[in-house]
Amino acid sequence: MTNWDHTTDVVVVGSGGGGMTAALVAKQAGLDVLLVEKSEYYGGSTALSGGGLWIPNNYLLQRDGLDDSLDKARTYLQHTVGDRTPQSLQDAYLINAPEMVKYLAANSQVRFHRSVGYADYYPERPGGMADGRAIEGSPFDGNKLGDDLAQLRPMSIEVPAGLAFTASEYNKLGMITSTWAGKRVALKVGARTVVNMLTGVRLLALGQALIARLRLSLKDENVPLWLNAPLKDLIVEDDAVTGIVVEKDGRPQSIHAHKGVILAAGGFAHNQAMREQYQKAPVDHTWSSANPANTGDAIQLGMKLGAKIDLMDDAWWGPSSMPPDAPVMFHVGERSYPGAIIVNADGRRFTNEAASYVEVVHAMYEKHTAETSHIPATFIMDGRFRRKYIFGTLFPMQPIPKAYFESGYFKRGDTLEALAEQCGLDPANLRETVERFNRFARAGVDEDYHRGDSAYDRYYGDPTVKPNPCLAPIEEPPFYAEQMVPGDLGTKGGLVMDEHARVLREDGSVIAGLYVTGNNSASVMGNTYPGAGSTIGPSMTFGYIAAKHLAGGKIRPVGEPPR
């Protein structure tokens, strides 16, 4: 092509954590960069997330004197991911991830803190860590973004002005009725919220804080960001990708990228046709918590060029529920709290409810049959559970909205049998299941599924409940139930890449000029989820790797992060 509408060195498609990291590092390496975003908001699924990154051997672990190393992390991935993804890809992640976060902390507005005690999801496996390897972006005053704050993708659940808490604080808030630590954090968050409201601070936390810090860093480097500019095509010349076509201001615009194109536009979570084509039924895009703009456009364009795809049948699954007139609810801590179970259509337990959310949904799909439905499953809790613990957006002792019962989202019964009848479960089976579970709870040992045995299970457990913080009898009426479906944080499959984040063809050759990261790519984590932040960590790391490769390795020195 000779008549390009715009020319740059690197064009990055997608403004989540991976895309922003790639754009920032490439710009700081001296390259001219353009960042384009499909929707009216920047931030992607990262802005909707908890903002965690799973980063082995990171500088914060080192500062705290915790025992981690490249070899230890490699051992852990060998016992979780295994050979589902190439060792070269895993090593690229393990080597570059700690370098990436240290680079950002030293060369940008991004600051991190540890999610202290947030265990790896399989901490008892060789190389696992009960202390965890998760970090998160530190809270941030969104007012520093000026007018650009209005374009930050809003959280799915509306949060009152001034209220913000980190993932670590959320864990403590879950124990507000049980522990002094929970009460102290609640008072701290409450006092901070009042101060923010009085002073006008627009405090951001979780994924929004991470994205806001990256956005300010991009502004500092004068990286242009085009919103409302969906990708329409990849331009190929002499067997190499040399640019893209986007739609902007109602017309197509061609963008020439001298060095290359980085795809960071998310997966296909909200493309129902693709989900039905590649994933096991039943599946419904409305169950997903991913960015609504994730419809697989970039993956489809890569496939048209002959790119290899993998892991298309998998996702970053998690048990979710569908409250009336509200966004889908992704359930994490509730499954570890004592006094509740998840059962199938026969009224029987089928998994360790407190396990990694991916594991729970894998069990739902693996055991789902025409004879015994596991989708949806049913979450059963008693009156004590509702008085003591958070469920979704409901705080302890908070009245359950009338609409929850009228819509059927919540069901209530004075007896287990009455609850079973309302849910369409076998009353005798449910009674037997609960009585068996209650025996385990009193003994503190789940003989069926080992709930509470793992440090990960116990992270969200109630430490005041003995002998097992994840087990308590279900016995105090009224009893409550709600349905859980296999939701997700995004799809996991996409374009296959090499250790430099370059897109590969079916025959293993490189598509010159085309790079990929995040949920546009087939995840380095394979079919599993090693720890909190195993989505955003690789997305930002392979964005960093792509930018570094495009710059010929000539990037700013990593340097020492501020303390």
# chains A, B, ... in the order shown; residues from 1 in each chain; ligands from 1
>>> closest_atom_pairs(of="region 185-230 of chain A", to="region 15-36 of chain A", cutoff="6 Å", atoms="only C-alpha atoms", output="Markdown table")
| residue | atom | partner | partner_atom | distance |
| --- | --- | --- | --- | --- |
| A:Leu218 | CA | A:Leu24 | CA | 5.9 |
| A:Pro224 | CA | A:Leu34 | CA | 5.5 |
| A:Leu225 | CA | A:Leu35 | CA | 4.8 |
| A:Trp226 | CA | A:Val36 | CA | 4.7 |
>>> select_by_dssp(residues="region 258-415 of chain A", states="strand (DSSP E)", output="MDAnalysis selection string")
chainID A and resid 258:263 309:310 315:321 329:330 340:343 377:381 411:413
>>> closest_atom_pairs(of="region 82-136 of chain A", to="region 458-470 of chain A", cutoff="8 Å", atoms="only C-alpha atoms", output="tab-separated table")
residue	atom	partner	partner_atom	distance
A:Gly117	CA	A:Tyr459	CA	7.3
A:Tyr118	CA	A:Tyr459	CA	6.4
A:Ala119	CA	A:Tyr459	CA	7.0
>>> residues_around(residues="Leu145 (chain A)", least_positions_apart="2", cutoff="12 Å", atoms="only C-alpha atoms", output="NGL selection string")
:A and (109 or 140-143 or 147-152 or 201-204 or 209 or 211-220)
>>> write_last_selection(atoms="N, CA, C and O atoms", output="mmCIF file, in the first residue's frame")
data_model
loop_
_atom_site.group_PDB
_atom_site.id
_atom_site.type_symbol
_atom_site.label_atom_id
_atom_site.label_comp_id
_atom_site.auth_asym_id
_atom_site.auth_seq_id
_atom_site.Cartn_x
_atom_site.Cartn_y
_atom_site.Cartn_z
ATOM 1 N N GLN A 109 4.421 5.197 36.372
ATOM 2 C CA GLN A 109 3.592 5.552 37.524
ATOM 3 C C GLN A 109 3.032 4.316 38.244
ATOM 4 O O GLN A 109 2.333 4.452 39.251
ATOM 5 N N PHE A 140 -4.968 4.356 43.789
ATOM 6 C CA PHE A 140 -4.544 5.507 42.979
ATOM 7 C C PHE A 140 -5.664 6.540 42.956
ATOM 8 O O PHE A 140 -6.853 6.181 42.871
ATOM 9 N N ASP A 141 -5.299 7.806 43.031
ATOM 10 C CA ASP A 141 -6.288 8.887 42.930
ATOM 11 C C ASP A 141 -6.595 9.153 41.458
ATOM 12 O O ASP A 141 -5.768 9.707 40.730
ATOM 13 N N GLY A 142 -7.783 8.747 41.034
ATOM 14 C CA GLY A 142 -8.160 8.893 39.639
ATOM 15 C C GLY A 142 -8.208 10.323 39.149
ATOM 16 O O GLY A 142 -8.165 10.571 37.936
ATOM 17 N N ASN A 143 -8.275 11.289 40.053
ATOM 18 C CA ASN A 143 -8.309 12.691 39.641
ATOM 19 C C ASN A 143 -7.042 13.089 38.888
ATOM 20 O O ASN A 143 -7.055 14.052 38.111
ATOM 21 N N ASP A 147 -9.462 14.687 32.604
ATOM 22 C CA ASP A 147 -10.629 14.328 31.785
ATOM 23 C C ASP A 147 -10.611 12.870 31.348
ATOM 24 O O ASP A 147 -11.656 12.298 31.041
ATOM 25 N N ASP A 148 -9.432 12.259 31.315
ATOM 26 C CA ASP A 148 -9.342 10.869 30.861
ATOM 27 C C ASP A 148 -9.965 9.883 31.848
ATOM 28 O O ASP A 148 -10.208 8.725 31.497
ATOM 29 N N LEU A 149 -10.227 10.308 33.074
ATOM 30 C CA LEU A 149 -10.872 9.419 34.034
ATOM 31 C C LEU A 149 -12.245 8.976 33.538
ATOM 32 O O LEU A 149 -12.656 7.836 33.792
ATOM 33 N N ALA A 150 -12.929 9.833 32.826
ATOM 34 C CA ALA A 150 -14.285 9.515 32.351
ATOM 35 C C ALA A 150 -14.287 8.375 31.349
ATOM 36 O O ALA A 150 -15.312 7.718 31.154
ATOM 37 N N GLN A 151 -13.150 8.118 30.698
ATOM 38 C CA GLN A 151 -13.075 7.044 29.706
ATOM 39 C C GLN A 151 -12.545 5.726 30.277
ATOM 40 O O GLN A 151 -12.403 4.744 29.541
ATOM 41 N N LEU A 152 -12.231 5.702 31.568
ATOM 42 C CA LEU A 152 -11.809 4.451 32.211
ATOM 43 C C LEU A 152 -13.004 3.512 32.304
ATOM 44 O O LEU A 152 -14.067 3.920 32.783
ATOM 45 N N VAL A 201 -11.036 13.114 46.836
ATOM 46 C CA VAL A 201 -10.180 12.085 46.231
ATOM 47 C C VAL A 201 -11.055 11.027 45.566
ATOM 48 O O VAL A 201 -12.017 10.548 46.160
ATOM 49 N N ARG A 202 -10.723 10.684 44.340
ATOM 50 C CA ARG A 202 -11.443 9.623 43.622
ATOM 51 C C ARG A 202 -10.559 8.390 43.661
ATOM 52 O O ARG A 202 -9.849 8.084 42.705
ATOM 53 N N LEU A 203 -10.573 7.696 44.802
ATOM 54 C CA LEU A 203 -9.647 6.588 44.996
ATOM 55 C C LEU A 203 -10.065 5.379 44.171
ATOM 56 O O LEU A 203 -11.213 4.938 44.223
ATOM 57 N N LEU A 204 -9.120 4.854 43.419
ATOM 58 C CA LEU A 204 -9.335 3.655 42.614
ATOM 59 C C LEU A 204 -8.510 2.525 43.200
ATOM 60 O O LEU A 204 -7.415 2.743 43.726
ATOM 61 N N ALA A 209 -7.239 0.612 39.418
ATOM 62 C CA ALA A 209 -6.027 1.312 39.851
ATOM 63 C C ALA A 209 -4.853 0.970 38.941
ATOM 64 O O ALA A 209 -4.068 1.855 38.551
ATOM 65 N N ILE A 211 -4.917 -0.042 35.791
ATOM 66 C CA ILE A 211 -5.114 0.574 34.481
ATOM 67 C C ILE A 211 -4.910 2.078 34.551
ATOM 68 O O ILE A 211 -4.297 2.687 33.654
ATOM 69 N N ALA A 212 -5.418 2.720 35.591
ATOM 70 C CA ALA A 212 -5.261 4.168 35.717
ATOM 71 C C ALA A 212 -3.787 4.556 35.796
ATOM 72 O O ALA A 212 -3.347 5.559 35.209
ATOM 73 N N ARG A 213 -3.007 3.755 36.524
ATOM 74 C CA ARG A 213 -1.573 4.032 36.627
ATOM 75 C C ARG A 213 -0.881 3.852 35.270
ATOM 76 O O ARG A 213 -0.008 4.650 34.892
ATOM 77 N N LEU A 214 -1.276 2.830 34.538
ATOM 78 C CA LEU A 214 -0.720 2.646 33.189
ATOM 79 C C LEU A 214 -1.144 3.772 32.257
ATOM 80 O O LEU A 214 -0.346 4.272 31.449
ATOM 81 N N ARG A 215 -2.396 4.204 32.378
ATOM 82 C CA ARG A 215 -2.885 5.292 31.505
ATOM 83 C C ARG A 215 -2.114 6.575 31.762
ATOM 84 O O ARG A 215 -1.730 7.285 30.814
ATOM 85 N N LEU A 216 -1.880 6.916 33.035
ATOM 86 C CA LEU A 216 -1.120 8.124 33.338
ATOM 87 C C LEU A 216 0.308 7.998 32.815
ATOM 88 O O LEU A 216 0.885 8.978 32.321
ATOM 89 N N SER A 217 0.871 6.808 32.898
ATOM 90 C CA SER A 217 2.218 6.586 32.376
ATOM 91 C C SER A 217 2.256 6.814 30.864
ATOM 92 O O SER A 217 3.218 7.406 30.335
ATOM 93 N N LEU A 218 1.237 6.359 30.165
ATOM 94 C CA LEU A 218 1.167 6.577 28.718
ATOM 95 C C LEU A 218 1.012 8.061 28.394
ATOM 96 O O LEU A 218 1.570 8.561 27.402
ATOM 97 N N LYS A 219 0.240 8.765 29.220
ATOM 98 C CA LYS A 219 0.100 10.214 29.014
ATOM 99 C C LYS A 219 1.435 10.918 29.221
ATOM 100 O O LYS A 219 1.790 11.846 28.478
ATOM 101 N N ASP A 220 2.182 10.472 30.230
ATOM 102 C CA ASP A 220 3.500 11.057 30.475
ATOM 103 C C ASP A 220 4.414 10.901 29.268
ATOM 104 O O ASP A 220 5.280 11.762 29.015
#
>>> closest_residue(among="A:Val485, A:Ala293, A:Ala418, A:Ile262", to="Tyr365 (chain A)", atoms="only C-alpha atoms")
A:Val485
>>> atom_distance(atom1="CA of Leu60 (chain A)", atom2="CA of Ile135 (chain A)")
8.2 Å
>>> decode(residues="region 515-554 of chain A", atoms="N, CA and C atoms", output="PDB file, in the first residue's frame")
ATOM      1  N   TYR A 515       2.373  -9.858  16.550  1.00  0.00           N
ATOM      2  CA  TYR A 515       2.597 -10.280  17.928  1.00  0.00           C
ATOM      3  C   TYR A 515       1.253 -10.373  18.644  1.00  0.00           C
ATOM      4  N   VAL A 516       1.243 -11.075  19.771  1.00  0.00           N
ATOM      5  CA  VAL A 516      -0.025 -11.275  20.475  1.00  0.00           C
ATOM      6  C   VAL A 516       0.232 -11.419  21.973  1.00  0.00           C
ATOM      7  N   THR A 517      -0.747 -11.017  22.765  1.00  0.00           N
ATOM      8  CA  THR A 517      -0.671 -11.221  24.208  1.00  0.00           C
ATOM      9  C   THR A 517      -2.072 -11.262  24.801  1.00  0.00           C
ATOM     10  N   GLY A 518      -2.143 -11.624  26.098  1.00  0.00           N
ATOM     11  CA  GLY A 518      -3.428 -11.652  26.791  1.00  0.00           C
ATOM     12  C   GLY A 518      -4.350 -12.722  26.248  1.00  0.00           C
ATOM     13  N   ASN A 519      -5.650 -12.494  26.380  1.00  0.00           N
ATOM     14  CA  ASN A 519      -6.630 -13.490  25.956  1.00  0.00           C
ATOM     15  C   ASN A 519      -6.811 -13.558  24.452  1.00  0.00           C
ATOM     16  N   ASN A 520      -6.053 -12.729  23.696  1.00  0.00           N
ATOM     17  CA  ASN A 520      -5.943 -12.940  22.254  1.00  0.00           C
ATOM     18  C   ASN A 520      -5.106 -14.171  21.946  1.00  0.00           C
ATOM     19  N   SER A 521      -4.291 -14.572  22.935  1.00  0.00           N
ATOM     20  CA  SER A 521      -3.351 -15.672  22.729  1.00  0.00           C
ATOM     21  C   SER A 521      -3.820 -16.920  23.458  1.00  0.00           C
ATOM     22  N   ALA A 522      -3.284 -18.056  23.051  1.00  0.00           N
ATOM     23  CA  ALA A 522      -3.469 -19.296  23.803  1.00  0.00           C
ATOM     24  C   ALA A 522      -2.607 -19.203  25.050  1.00  0.00           C
ATOM     25  N   SER A 523      -3.234 -19.333  26.218  1.00  0.00           N
ATOM     26  CA  SER A 523      -2.552 -19.019  27.472  1.00  0.00           C
ATOM     27  C   SER A 523      -1.357 -19.920  27.748  1.00  0.00           C
ATOM     28  N   VAL A 524      -0.303 -19.307  28.255  1.00  0.00           N
ATOM     29  CA  VAL A 524       0.871 -20.058  28.718  1.00  0.00           C
ATOM     30  C   VAL A 524       0.499 -20.980  29.867  1.00  0.00           C
ATOM     31  N   MET A 525      -0.617 -20.702  30.551  1.00  0.00           N
ATOM     32  CA  MET A 525      -1.028 -21.488  31.712  1.00  0.00           C
ATOM     33  C   MET A 525      -1.800 -22.746  31.348  1.00  0.00           C
ATOM     34  N   GLY A 526      -1.977 -23.025  30.080  1.00  0.00           N
ATOM     35  CA  GLY A 526      -2.642 -24.252  29.675  1.00  0.00           C
ATOM     36  C   GLY A 526      -4.056 -24.346  30.215  1.00  0.00           C
ATOM     37  N   ASN A 527      -4.405 -25.518  30.746  1.00  0.00           N
ATOM     38  CA  ASN A 527      -5.767 -25.750  31.226  1.00  0.00           C
ATOM     39  C   ASN A 527      -5.931 -25.461  32.713  1.00  0.00           C
ATOM     40  N   THR A 528      -4.930 -24.848  33.327  1.00  0.00           N
ATOM     41  CA  THR A 528      -5.019 -24.647  34.768  1.00  0.00           C
ATOM     42  C   THR A 528      -4.838 -23.184  35.125  1.00  0.00           C
ATOM     43  N   TYR A 529      -4.764 -22.911  36.427  1.00  0.00           N
ATOM     44  CA  TYR A 529      -4.752 -21.552  36.960  1.00  0.00           C
ATOM     45  C   TYR A 529      -3.824 -21.586  38.176  1.00  0.00           C
ATOM     46  N   PRO A 530      -2.512 -21.382  37.988  1.00  0.00           N
ATOM     47  CA  PRO A 530      -1.560 -21.593  39.075  1.00  0.00           C
ATOM     48  C   PRO A 530      -1.746 -20.693  40.293  1.00  0.00           C
ATOM     49  N   GLY A 531      -2.253 -19.476  40.093  1.00  0.00           N
ATOM     50  CA  GLY A 531      -2.424 -18.576  41.218  1.00  0.00           C
ATOM     51  C   GLY A 531      -3.136 -17.315  40.816  1.00  0.00           C
ATOM     52  N   ALA A 532      -3.539 -16.512  41.804  1.00  0.00           N
ATOM     53  CA  ALA A 532      -4.267 -15.273  41.539  1.00  0.00           C
ATOM     54  C   ALA A 532      -3.448 -14.351  40.644  1.00  0.00           C
ATOM     55  N   GLY A 533      -4.032 -13.927  39.544  1.00  0.00           N
ATOM     56  CA  GLY A 533      -3.321 -13.060  38.612  1.00  0.00           C
ATOM     57  C   GLY A 533      -2.673 -13.792  37.466  1.00  0.00           C
ATOM     58  N   SER A 534      -3.085 -15.048  37.231  1.00  0.00           N
ATOM     59  CA  SER A 534      -2.515 -15.823  36.127  1.00  0.00           C
ATOM     60  C   SER A 534      -3.069 -15.410  34.773  1.00  0.00           C
ATOM     61  N   THR A 535      -3.980 -14.467  34.752  1.00  0.00           N
ATOM     62  CA  THR A 535      -4.453 -13.882  33.490  1.00  0.00           C
ATOM     63  C   THR A 535      -3.673 -12.614  33.188  1.00  0.00           C
ATOM     64  N   ILE A 536      -3.706 -11.653  34.125  1.00  0.00           N
ATOM     65  CA  ILE A 536      -3.099 -10.344  33.882  1.00  0.00           C
ATOM     66  C   ILE A 536      -1.574 -10.436  33.901  1.00  0.00           C
ATOM     67  N   GLY A 537      -1.018 -11.277  34.769  1.00  0.00           N
ATOM     68  CA  GLY A 537       0.438 -11.422  34.807  1.00  0.00           C
ATOM     69  C   GLY A 537       1.026 -11.786  33.450  1.00  0.00           C
ATOM     70  N   PRO A 538       0.551 -12.870  32.812  1.00  0.00           N
ATOM     71  CA  PRO A 538       1.061 -13.200  31.483  1.00  0.00           C
ATOM     72  C   PRO A 538       0.718 -12.153  30.420  1.00  0.00           C
ATOM     73  N   SER A 539      -0.472 -11.541  30.523  1.00  0.00           N
ATOM     74  CA  SER A 539      -0.842 -10.535  29.526  1.00  0.00           C
ATOM     75  C   SER A 539       0.164  -9.390  29.521  1.00  0.00           C
ATOM     76  N   MET A 540       0.480  -8.863  30.684  1.00  0.00           N
ATOM     77  CA  MET A 540       1.434  -7.761  30.761  1.00  0.00           C
ATOM     78  C   MET A 540       2.856  -8.230  30.457  1.00  0.00           C
ATOM     79  N   THR A 541       3.185  -9.450  30.858  1.00  0.00           N
ATOM     80  CA  THR A 541       4.541  -9.958  30.611  1.00  0.00           C
ATOM     81  C   THR A 541       4.802 -10.153  29.129  1.00  0.00           C
ATOM     82  N   PHE A 542       3.872 -10.788  28.421  1.00  0.00           N
ATOM     83  CA  PHE A 542       4.110 -10.998  26.987  1.00  0.00           C
ATOM     84  C   PHE A 542       3.925  -9.715  26.188  1.00  0.00           C
ATOM     85  N   GLY A 543       3.184  -8.739  26.719  1.00  0.00           N
ATOM     86  CA  GLY A 543       3.193  -7.402  26.118  1.00  0.00           C
ATOM     87  C   GLY A 543       4.574  -6.779  26.237  1.00  0.00           C
ATOM     88  N   TYR A 544       5.177  -6.938  27.401  1.00  0.00           N
ATOM     89  CA  TYR A 544       6.545  -6.465  27.643  1.00  0.00           C
ATOM     90  C   TYR A 544       7.528  -7.177  26.723  1.00  0.00           C
ATOM     91  N   ILE A 545       7.380  -8.502  26.612  1.00  0.00           N
ATOM     92  CA  ILE A 545       8.272  -9.288  25.755  1.00  0.00           C
ATOM     93  C   ILE A 545       8.146  -8.844  24.302  1.00  0.00           C
ATOM     94  N   ALA A 546       6.913  -8.638  23.830  1.00  0.00           N
ATOM     95  CA  ALA A 546       6.700  -8.218  22.433  1.00  0.00           C
ATOM     96  C   ALA A 546       7.359  -6.878  22.163  1.00  0.00           C
ATOM     97  N   ALA A 547       7.163  -5.924  23.082  1.00  0.00           N
ATOM     98  CA  ALA A 547       7.751  -4.594  22.889  1.00  0.00           C
ATOM     99  C   ALA A 547       9.273  -4.667  22.892  1.00  0.00           C
ATOM    100  N   LYS A 548       9.809  -5.457  23.795  1.00  0.00           N
ATOM    101  CA  LYS A 548      11.265  -5.593  23.885  1.00  0.00           C
ATOM    102  C   LYS A 548      11.827  -6.217  22.607  1.00  0.00           C
ATOM    103  N   HIS A 549      11.120  -7.214  22.073  1.00  0.00           N
ATOM    104  CA  HIS A 549      11.591  -7.855  20.835  1.00  0.00           C
ATOM    105  C   HIS A 549      11.525  -6.880  19.663  1.00  0.00           C
ATOM    106  N   LEU A 550      10.442  -6.120  19.574  1.00  0.00           N
ATOM    107  CA  LEU A 550      10.313  -5.139  18.498  1.00  0.00           C
ATOM    108  C   LEU A 550      11.410  -4.079  18.570  1.00  0.00           C
ATOM    109  N   ALA A 551      11.848  -3.773  19.795  1.00  0.00           N
ATOM    110  CA  ALA A 551      12.893  -2.761  19.983  1.00  0.00           C
ATOM    111  C   ALA A 551      14.293  -3.348  19.912  1.00  0.00           C
ATOM    112  N   GLY A 552      14.387  -4.610  19.542  1.00  0.00           N
ATOM    113  CA  GLY A 552      15.694  -5.243  19.453  1.00  0.00           C
ATOM    114  C   GLY A 552      16.359  -5.416  20.801  1.00  0.00           C
ATOM    115  N   GLY A 553      15.539  -5.470  21.868  1.00  0.00           N
ATOM    116  CA  GLY A 553      16.077  -5.638  23.205  1.00  0.00           C
ATOM    117  C   GLY A 553      16.591  -4.358  23.831  1.00  0.00           C
ATOM    118  N   LYS A 554      16.539  -3.243  23.083  1.00  0.00           N
ATOM    119  CA  LYS A 554      17.108  -1.980  23.580  1.00  0.00           C
ATOM    120  C   LYS A 554      16.032  -1.166  24.294  1.00  0.00           C
TER     121      LYS A 554
END
